[in-house]
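Right, one structure below, let's go through it.
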Amino acid sequence: QALLVESGGGSVQAGGSLRLSCIVFSDYYSSYCIGWFRQAPGKEREGVAAITGGGSTYYADSVKGRFTISQDNAKNTIYLQMNGLTPEETAMYYCAADRSAYRCASVITDRGSGMNYWGKGTLVTISS
């Protein structure tokens with residue numbers, strides 16, 4: 001079992017930055033694939049970024065060069081640094097974990113389908 005708790009959401013103006021955090025309460029944290037996903041009202045969930053315990057990272061094309069996923073293994077915490085935010089990126093951002101790290105290469109295109117554990121999300125609002 002794992003419990004994921006997100007924080008760091010808020011309201012910023014277009015072009016601004018936010019850093020989201022996801023604490024993973026699990027004894028198996030280092031073996032997981034952990035990803036960030038977002039869902040805007042009336043839209044499908046989409047994958048944003050993912051990272052394995054070994055540090056391999058994966059990004060959606062739309063965020064490459066602007067977002068950075070990182071981890072602090074001592075704190076069981078995953079971060080998502082988001083720069084250059086646009087109003088279209090207003091959404092609830094969720095952290096999710098999968099017990100199979102080998103899936104990490106596909107979780108973004110799969111939109112997080114089948115991932116084992118999910119947090120409750122943190123709201124990001126970008127104003128124009």
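Please note that chains go A, B, ... in the order of the structure tokens, that every chain numbers its residues from 1, and that ligands are numbered from 1 in the order shown.
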
Run DSSP on the backbone and tell me which residues of region 43-80 of chain A come out as strand (DSSP E or B); list them as a VMD selection string.
chain A and resid 46 to 52 57 to 59 67 to 72 77 to 80

Please write the residues from the selection above to a file, keeping N, CA, C and O atoms, as a CSV table (one decimal), in the first residue's frame.
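The file below, out01.csv, is the result:
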chain,number,residue,atom,x,y,z
A,46,GLU,N,-4.4,13.9,-18.6
A,46,GLU,CA,-3.2,13.8,-19.4
A,46,GLU,C,-2.0,13.6,-18.5
A,46,GLU,O,-1.9,14.1,-17.4
A,47,GLY,N,-1.0,12.9,-19.1
A,47,GLY,CA,0.2,12.7,-18.4
A,47,GLY,C,1.1,13.9,-18.5
A,47,GLY,O,1.1,14.5,-19.6
A,48,VAL,N,1.9,14.2,-17.5
A,48,VAL,CA,2.7,15.4,-17.5
A,48,VAL,C,4.2,14.9,-17.5
A,48,VAL,O,5.0,15.3,-18.4
A,49,ALA,N,4.6,14.2,-16.4
A,49,ALA,CA,6.0,13.8,-16.3
A,49,ALA,C,6.0,12.6,-15.3
A,49,ALA,O,5.1,12.4,-14.5
A,50,ALA,N,7.0,11.8,-15.4
A,50,ALA,CA,7.2,10.6,-14.6
A,50,ALA,C,8.7,10.4,-14.3
A,50,ALA,O,9.5,10.8,-15.1
A,51,ILE,N,8.9,9.6,-13.2
A,51,ILE,CA,10.3,9.4,-12.8
A,51,ILE,C,10.4,8.0,-12.1
A,51,ILE,O,9.4,7.6,-11.4
A,52,THR,N,11.5,7.3,-12.4
A,52,THR,CA,11.7,6.0,-11.7
A,52,THR,C,12.6,6.3,-10.5
A,52,THR,O,13.2,7.3,-10.3
A,57,THR,N,13.7,9.9,-16.3
A,57,THR,CA,12.6,10.8,-16.4
A,57,THR,C,11.9,10.8,-17.7
A,57,THR,O,12.5,10.5,-18.8
A,58,TYR,N,10.6,11.1,-17.7
A,58,TYR,CA,9.8,11.1,-19.0
A,58,TYR,C,8.9,12.3,-18.9
A,58,TYR,O,8.4,12.6,-17.8
A,59,TYR,N,8.7,12.9,-20.1
A,59,TYR,CA,7.9,14.1,-20.1
A,59,TYR,C,6.9,14.1,-21.3
A,59,TYR,O,7.2,13.5,-22.4
A,67,PHE,N,9.0,22.1,-17.7
A,67,PHE,CA,8.7,21.4,-16.4
A,67,PHE,C,9.9,20.5,-16.1
A,67,PHE,O,10.5,19.9,-17.1
A,68,THR,N,10.2,20.3,-14.9
A,68,THR,CA,11.2,19.4,-14.4
A,68,THR,C,10.7,18.5,-13.3
A,68,THR,O,10.3,19.1,-12.3
A,69,ILE,N,10.8,17.2,-13.4
A,69,ILE,CA,10.5,16.3,-12.4
A,69,ILE,C,11.8,15.9,-11.7
A,69,ILE,O,12.8,15.6,-12.3
A,70,SER,N,11.7,15.8,-10.4
A,70,SER,CA,12.9,15.5,-9.6
A,70,SER,C,12.5,14.7,-8.3
A,70,SER,O,11.3,14.7,-8.0
A,71,GLN,N,13.4,14.2,-7.6
A,71,GLN,CA,13.1,13.4,-6.4
A,71,GLN,C,14.1,13.7,-5.3
A,71,GLN,O,15.3,13.9,-5.6
A,72,ASP,N,13.7,13.6,-4.1
A,72,ASP,CA,14.5,13.6,-2.9
A,72,ASP,C,14.2,12.3,-2.2
A,72,ASP,O,13.2,12.2,-1.5
A,77,THR,N,10.0,12.1,-1.6
A,77,THR,CA,9.3,13.2,-2.2
A,77,THR,C,9.6,13.4,-3.6
A,77,THR,O,10.8,13.4,-4.0
A,78,ILE,N,8.6,13.6,-4.4
A,78,ILE,CA,8.8,13.9,-5.9
A,78,ILE,C,8.4,15.3,-6.1
A,78,ILE,O,7.3,15.8,-5.5
A,79,TYR,N,9.1,16.1,-6.9
A,79,TYR,CA,8.8,17.5,-7.1
A,79,TYR,C,8.5,17.6,-8.6
A,79,TYR,O,9.0,16.9,-9.5
A,80,LEU,N,7.6,18.6,-8.9
A,80,LEU,CA,7.4,19.0,-10.3
A,80,LEU,C,7.6,20.5,-10.3
A,80,LEU,O,6.7,21.3,-9.8

Members of chain A assigned helix (DSSP H, G or I) by DSSP, as an mmCIF file with C-alpha atoms, in the first residue's frame:
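Output file out.cif is given in full below:
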data_model
loop_
_atom_site.group_PDB
_atom_site.id
_atom_site.type_symbol
_atom_site.label_atom_id
_atom_site.label_comp_id
_atom_site.auth_asym_id
_atom_site.auth_seq_id
_atom_site.Cartn_x
_atom_site.Cartn_y
_atom_site.Cartn_z
ATOM 1 C CA TYR A 29 9.006 4.083 -2.636
ATOM 2 C CA SER A 30 12.340 3.562 -4.384
ATOM 3 C CA SER A 31 10.961 0.788 -6.599
ATOM 4 C CA ASN A 73 14.822 9.972 -1.891
ATOM 5 C CA ALA A 74 15.713 10.884 1.678
ATOM 6 C CA LYS A 75 12.312 12.539 1.982
ATOM 7 C CA PRO A 87 -3.867 29.507 -18.667
ATOM 8 C CA GLU A 88 -4.566 26.311 -20.630
ATOM 9 C CA GLU A 89 -2.620 24.422 -17.977
ATOM 10 C CA ALA A 101 8.951 0.859 -12.645
ATOM 11 C CA TYR A 102 9.275 -0.639 -16.135
ATOM 12 C CA ARG A 103 5.909 0.920 -16.982
ATOM 13 C CA CYS A 104 7.286 4.408 -16.502
ATOM 14 C CA ALA A 105 8.113 4.837 -20.187
#

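Straight-line separation from CA of Ser11 (chain A) to CA of Ile126 (chain A): 5.7 Å.
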
Residues within 7 Å of Arg99 (chain A), please, as an MDAnalysis selection string. Count only C-alpha atoms; anything in the same chain fewer than 4 positions from it doesn't count.
chainID A and resid 31:33 116

Region 84-114 of chain A residues near region 15-27 of chain A within 9 Å, closest pair each, using only C-alpha atoms, as JSON lines:
{"residue": "A:Gly84", "atom": "CA", "partner": "A:Gly15", "partner_atom": "CA", "distance": 4.2}
{"residue": "A:Leu85", "atom": "CA", "partner": "A:Gly15", "partner_atom": "CA", "distance": 4.9}
{"residue": "A:Thr86", "atom": "CA", "partner": "A:Gly15", "partner_atom": "CA", "distance": 6.2}
{"residue": "A:Pro87", "atom": "CA", "partner": "A:Gly15", "partner_atom": "CA", "distance": 9.0}
{"residue": "A:Tyr93", "atom": "CA", "partner": "A:Leu20", "partner_atom": "CA", "distance": 8.6}
{"residue": "A:Tyr94", "atom": "CA", "partner": "A:Cys22", "partner_atom": "CA", "distance": 8.7}
{"residue": "A:Cys95", "atom": "CA", "partner": "A:Cys22", "partner_atom": "CA", "distance": 6.3}
{"residue": "A:Ala96", "atom": "CA", "partner": "A:Cys22", "partner_atom": "CA", "distance": 8.9}
{"residue": "A:Ala97", "atom": "CA", "partner": "A:Val24", "partner_atom": "CA", "distance": 8.4}

If you keep N, CA and C atoms, can you produce a file of those selected residues as a tab-separated table (two decimals), in the first residue's frame?
chain	number	residue	atom	x	y	z
A	84	GLY	N	6.91	28.89	-16.95
A	84	GLY	CA	6.24	29.31	-18.17
A	84	GLY	C	4.82	28.82	-18.28
A	85	LEU	N	4.10	28.85	-17.19
A	85	LEU	CA	2.74	28.30	-17.17
A	85	LEU	C	1.79	29.13	-18.03
A	86	THR	N	0.85	28.45	-18.65
A	86	THR	CA	-0.15	29.09	-19.48
A	86	THR	C	-1.54	28.85	-18.90
A	87	PRO	N	-2.51	29.71	-19.20
A	87	PRO	CA	-3.87	29.51	-18.67
A	87	PRO	C	-4.46	28.15	-19.04
A	93	TYR	N	-3.87	18.80	-10.47
A	93	TYR	CA	-2.66	18.02	-10.71
A	93	TYR	C	-2.59	16.89	-9.68
A	94	TYR	N	-2.39	15.68	-10.20
A	94	TYR	CA	-2.36	14.49	-9.36
A	94	TYR	C	-1.01	13.81	-9.44
A	95	CYS	N	-0.62	13.24	-8.33
A	95	CYS	CA	0.56	12.39	-8.25
A	95	CYS	C	0.07	10.95	-8.18
A	96	ALA	N	0.74	10.05	-8.88
A	96	ALA	CA	0.36	8.65	-8.87
A	96	ALA	C	1.60	7.77	-8.88
A	97	ALA	N	1.45	6.57	-8.33
A	97	ALA	CA	2.58	5.64	-8.25
A	97	ALA	C	2.17	4.29	-8.81

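With distances restricted to only C-alpha atoms, A:Met92 is the closest residue to Ala40 (chain A) from A:Ile108, A:Leu123, A:Met92, A:Met115.
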
The residue from A:Arg45, A:Gly9, A:Ala14, A:Ala2 with the smallest atom-to-atom distance to Val107 (chain A), counting only C-alpha atoms, is A:Arg45

Of A:Glu44, A:Gly10, A:Ile34, A:Tyr28, the one nearest to Trp118 (chain A) when counting only C-alpha atoms is A:Ile34

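Shortest atom-to-atom contact with Phe37 (chain A) among A:Val63, A:Gln1, A:Asn83, A:Asn76: A:Val63, counting only C-alpha atoms.
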
The distance between CA of Met82 (chain A) and CA of Gly65 (chain A) is 9.7 Å

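Picture a line from CA of Gln13 (chain A) to CA of Gly121 (chain A); it runs 20.3 Å.
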
Shortest contact to Val12 (chain A), candidates A:Asp61, A:Tyr117, A:Thr90, A:Gly42, atoms counted only C-alpha atoms, goes to A:Thr90
